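A quick write-up on the structure given underneath.
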Amino acid sequence: MQQRTQALLQVFMSRRVMTMAEMTPLSLLPADAGTNQRIAILEKMIKDINETIGVASMEIRSQLCETSGVKFWALVSTAKSDDVIQPAPGQSPYSPNDLKFFRTIIEKIAENVTSDNPANPGVIPISEALSACEDIKDAKPVLDLLVQDNWLSTDAAGKLVSLGRRTMAELGQYLSEACNDSPPECPLCHLFVFQARICPHEACRTRLHKHCARRWFQDNGKCPTCDESWKSS
């Protein structure tokens, strides 16, 4: 494995989740290369890394951020485990109560997403998240750690909690089960959608990723599913 590729793996072992913009200042990619060239170099490096770390049940996967549409890469565990999450190397393992807390937050978000008419799809108030596990007296430090590790995310005001980028990249099967094996799917990209734009027509209620919706409404004014008028806001 080349030196630059080894350095990239070391940074992923520490950060777990990165965008290309976050990699460039770390000299992990040539700063003087064009975007397409950097993408090609990165994909080759990740391919080499995955061939090496696969035996350790690890993999670097790419995905798009639900809200911004920015592509990110996440180092994930592919090992089967009874624990919903695997701590990163060097971390203290999450306690059973911590894992129960995280599972309950996922279940609350899944309940929100699968309801007929969620007011704010894919997010729950932080007060609701903090009360998710009665066995934890002070849940705020645990929530902060889950956010730090990219399992969860909070809004800029610190009032809302949503699924983190690492959860979206690594826990697809668990998220599907939490949604009773019927997670909402964006018809434009055919991926899970939690933080969604919802078609205003009651008989349809199609859900689109916010970034997919932005692209769609540049040239369309109708729902891609029911073909009824859908005014972008």
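Chain labels A, B, ... are given in the sequence in which chains occur in the structure tokens; within each chain residues are numbered consecutively from 1, and ligands are likewise numbered from 1 in the order shown.
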
- Name the residues of chain A that fall into strand (DSSP E or B) according to DSSP on the backbone, using the chain letters and numbers of this document, as a ChimeraX atom specification. /A:17-19,58-64,71-77,123-125,152-154,160-163,185,192,196-198,207-209,222,229

Go ahead and save the residues from that selection, with N, CA, C and O atoms, as a compact mmCIF listing (two decimals), in the first residue's frame.
```txt
# COMPACT_ATOMS: atom_id res chain seq x y z
N VAL A 17 -15.50 9.38 9.11
CA VAL A 17 -16.34 9.95 8.06
C VAL A 17 -15.68 11.21 7.52
O VAL A 17 -15.27 12.07 8.30
N MET A 18 -15.58 11.33 6.17
CA MET A 18 -14.98 12.52 5.57
C MET A 18 -15.58 12.80 4.20
O MET A 18 -15.98 11.88 3.48
N THR A 19 -15.63 14.08 3.85
CA THR A 19 -15.94 14.50 2.49
C THR A 19 -14.63 14.77 1.76
O THR A 19 -13.57 14.85 2.38
N MET A 58 -14.02 -4.70 7.58
CA MET A 58 -14.16 -3.26 7.48
C MET A 58 -14.21 -2.86 6.01
O MET A 58 -13.74 -3.58 5.13
N GLU A 59 -14.79 -1.69 5.76
CA GLU A 59 -14.96 -1.22 4.39
C GLU A 59 -15.18 0.29 4.40
O GLU A 59 -15.81 0.82 5.32
N ILE A 60 -14.67 0.96 3.39
CA ILE A 60 -14.97 2.38 3.19
C ILE A 60 -16.08 2.46 2.15
O ILE A 60 -15.93 1.96 1.03
N ARG A 61 -17.21 3.09 2.53
CA ARG A 61 -18.36 3.23 1.64
C ARG A 61 -18.63 4.70 1.36
O ARG A 61 -18.34 5.56 2.19
N SER A 62 -19.21 4.95 0.21
CA SER A 62 -19.60 6.33 -0.12
C SER A 62 -21.12 6.46 -0.08
O SER A 62 -21.85 5.50 -0.32
N GLN A 63 -21.58 7.67 0.24
CA GLN A 63 -23.00 7.96 0.28
C GLN A 63 -23.18 9.46 0.17
O GLN A 63 -22.22 10.22 0.33
N LEU A 64 -24.40 9.88 -0.12
CA LEU A 64 -24.71 11.31 -0.19
C LEU A 64 -25.39 11.76 1.10
O LEU A 64 -26.25 11.06 1.63
N LYS A 71 -21.29 14.32 -1.28
CA LYS A 71 -20.82 12.94 -1.16
C LYS A 71 -19.83 12.83 -0.02
O LYS A 71 -18.97 13.69 0.17
N PHE A 72 -19.97 11.78 0.78
CA PHE A 72 -19.01 11.52 1.84
C PHE A 72 -18.62 10.05 1.83
O PHE A 72 -19.29 9.21 1.20
N TRP A 73 -17.52 9.75 2.48
CA TRP A 73 -17.03 8.38 2.60
C TRP A 73 -16.95 8.02 4.08
O TRP A 73 -16.56 8.85 4.90
N ALA A 74 -17.33 6.80 4.42
CA ALA A 74 -17.34 6.37 5.82
C ALA A 74 -16.66 5.02 5.96
O ALA A 74 -16.89 4.12 5.14
N LEU A 75 -15.82 4.91 6.97
CA LEU A 75 -15.22 3.62 7.31
C LEU A 75 -16.20 2.89 8.22
O LEU A 75 -16.51 3.37 9.31
N VAL A 76 -16.69 1.76 7.75
CA VAL A 76 -17.75 1.05 8.48
C VAL A 76 -17.32 -0.37 8.80
O VAL A 76 -16.42 -0.93 8.18
N SER A 77 -17.99 -0.93 9.78
CA SER A 77 -17.79 -2.34 10.12
C SER A 77 -18.79 -3.19 9.35
O SER A 77 -19.98 -2.85 9.28
N VAL A 123 -36.45 13.96 12.01
CA VAL A 123 -35.82 14.59 13.17
C VAL A 123 -36.77 14.53 14.36
O VAL A 123 -37.99 14.47 14.19
N ILE A 124 -36.19 14.54 15.56
CA ILE A 124 -36.98 14.61 16.78
C ILE A 124 -36.39 15.69 17.68
O ILE A 124 -35.20 16.01 17.57
N PRO A 125 -37.19 16.28 18.56
CA PRO A 125 -36.66 17.28 19.49
C PRO A 125 -35.59 16.67 20.38
O PRO A 125 -35.68 15.50 20.77
N LEU A 152 -25.17 10.18 15.30
CA LEU A 152 -26.30 11.09 15.32
C LEU A 152 -25.83 12.48 14.90
O LEU A 152 -24.63 12.75 14.84
N SER A 153 -26.79 13.34 14.62
CA SER A 153 -26.47 14.71 14.22
C SER A 153 -27.46 15.65 14.90
O SER A 153 -28.61 15.28 15.14
N THR A 154 -27.02 16.86 15.21
CA THR A 154 -27.91 17.88 15.76
C THR A 154 -27.89 19.09 14.85
O THR A 154 -26.92 19.33 14.12
N LEU A 160 -32.67 19.91 17.61
CA LEU A 160 -33.21 18.76 16.89
C LEU A 160 -32.13 17.70 16.70
O LEU A 160 -30.96 18.02 16.52
N VAL A 161 -32.55 16.45 16.70
CA VAL A 161 -31.64 15.31 16.53
C VAL A 161 -32.08 14.51 15.30
O VAL A 161 -33.26 14.25 15.10
N SER A 162 -31.10 14.13 14.48
CA SER A 162 -31.36 13.30 13.31
C SER A 162 -30.29 12.22 13.22
O SER A 162 -29.33 12.21 14.01
N LEU A 163 -30.43 11.32 12.27
CA LEU A 163 -29.45 10.26 12.09
C LEU A 163 -28.17 10.84 11.51
O LEU A 163 -28.19 11.68 10.61
N GLU A 185 -38.57 5.43 0.63
CA GLU A 185 -37.55 5.44 -0.44
C GLU A 185 -37.80 6.61 -1.36
O GLU A 185 -38.94 6.88 -1.76
N PHE A 192 -32.90 5.08 0.86
CA PHE A 192 -33.67 5.47 2.03
C PHE A 192 -33.76 6.99 2.11
O PHE A 192 -32.79 7.69 1.80
N ALA A 196 -37.04 14.43 4.61
CA ALA A 196 -37.65 14.44 3.28
C ALA A 196 -38.52 15.65 3.01
O ALA A 196 -39.04 16.29 3.92
N ARG A 197 -38.70 15.94 1.73
CA ARG A 197 -39.79 16.76 1.23
C ARG A 197 -40.92 15.80 0.89
O ARG A 197 -40.69 14.77 0.26
N ILE A 198 -42.15 16.13 1.32
CA ILE A 198 -43.28 15.22 1.14
C ILE A 198 -44.30 15.84 0.20
O ILE A 198 -44.69 17.00 0.35
N ARG A 207 -42.01 10.89 -0.96
CA ARG A 207 -40.96 11.59 -0.21
C ARG A 207 -39.69 11.67 -1.06
O ARG A 207 -39.27 10.68 -1.65
N LEU A 208 -39.11 12.85 -1.07
CA LEU A 208 -37.88 13.09 -1.82
C LEU A 208 -36.79 13.60 -0.88
O LEU A 208 -37.07 14.37 0.03
N HIS A 209 -35.55 13.16 -1.12
CA HIS A 209 -34.44 13.81 -0.44
C HIS A 209 -34.46 15.30 -0.77
O HIS A 209 -34.85 15.68 -1.88
N LYS A 222 -44.10 19.21 -10.97
CA LYS A 222 -45.06 18.17 -10.59
C LYS A 222 -44.35 17.06 -9.82
O LYS A 222 -43.14 16.86 -9.93
N SER A 229 -49.50 18.78 -9.39
CA SER A 229 -48.71 19.97 -9.15
C SER A 229 -48.09 19.96 -7.75
O SER A 229 -48.75 19.60 -6.77
```

- Message: For the helix (DSSP H, G or I) assignment from backbone DSSP, which residues of segment 31-199 of chain A qualify? Please present them as a VMD selection string.
- Response: chain A and resid 35 to 56 96 to 114 126 to 130 140 to 148 165 to 170 172 to 178

- Task: Would you mind listing what lies within 9 Å of Arg205 of chain A as a list in words, with only C-alpha atoms counted and same-chain residues fewer than 6 positions away left out?
- Result: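 Skipping anything fewer than 6 positions along the chain leaves Asp116, Asn117, Ile198 and Cys199 of chain A.
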
- Note on the structure: Nearest to Asn120 of chain A, restricted to only C-alpha atoms and choosing among A:Phe194, A:Arg166, A:Thr24, A:Ile39, comes out as A:Phe194

- Task: Pick out the residues sitting within 9 Å of Asp135 of chain A, and hand them over as a list in words; count only C-alpha atoms, and ignore anything fewer than 5 positions along from it in its own chain.
- Result: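 Those residues are Asn97, Lys100 and Phe101 of chain A.
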
Just-selected residues, N, CA and C atoms written as a PDB file, in the first residue's frame:
```pdb
ATOM      1  N   ASN A  97     -26.400   0.296  28.344  1.00  0.00           N
ATOM      2  CA  ASN A  97     -27.406   1.356  28.443  1.00  0.00           C
ATOM      3  C   ASN A  97     -27.229   2.399  27.337  1.00  0.00           C
ATOM      4  N   LYS A 100     -28.711   0.882  24.279  1.00  0.00           N
ATOM      5  CA  LYS A 100     -30.171   0.910  24.409  1.00  0.00           C
ATOM      6  C   LYS A 100     -30.690   2.314  24.110  1.00  0.00           C
ATOM      7  N   PHE A 101     -29.994   3.312  24.618  1.00  0.00           N
ATOM      8  CA  PHE A 101     -30.326   4.723  24.376  1.00  0.00           C
ATOM      9  C   PHE A 101     -30.304   5.023  22.883  1.00  0.00           C
TER      10      PHE A 101
END
```

- Task: For segment 33-36 of chain A, list every protein, DNA or RNA residue within 12 Å, evaluated using only C-alpha atoms, and leave out those in the same chain fewer than 6 positions away; present the list as a list in words.
- Result: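 After dropping sequence-adjacent residues, the list is Met20, Ala21, Thr24, Ser27, Leu42 and Glu43 of chain A.
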
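Counting only C-alpha atoms, the residue from A:Ala213, A:Val193, A:Met23, A:Leu175 that sits nearest to Val11 of chain A is A:Met23.
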
- Message: When you count only C-alpha atoms, which of these residues is closest to Gln6 of chain A: A:Asp98, A:Asp155, A:Asp48, A:Glu66?
- Response: A:Asp48

- Query: From the set A:Ile126, A:Ile105, A:Met45, A:Leu191, which residue has the shortest atom-to-atom contact distance to Met168 of chain A, counting only C-alpha atoms?
  - Reply: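 Of A:Ile126, A:Ile105, A:Met45, A:Leu191, the one nearest Met168 of chain A, counting only C-alpha atoms, is A:Leu191.
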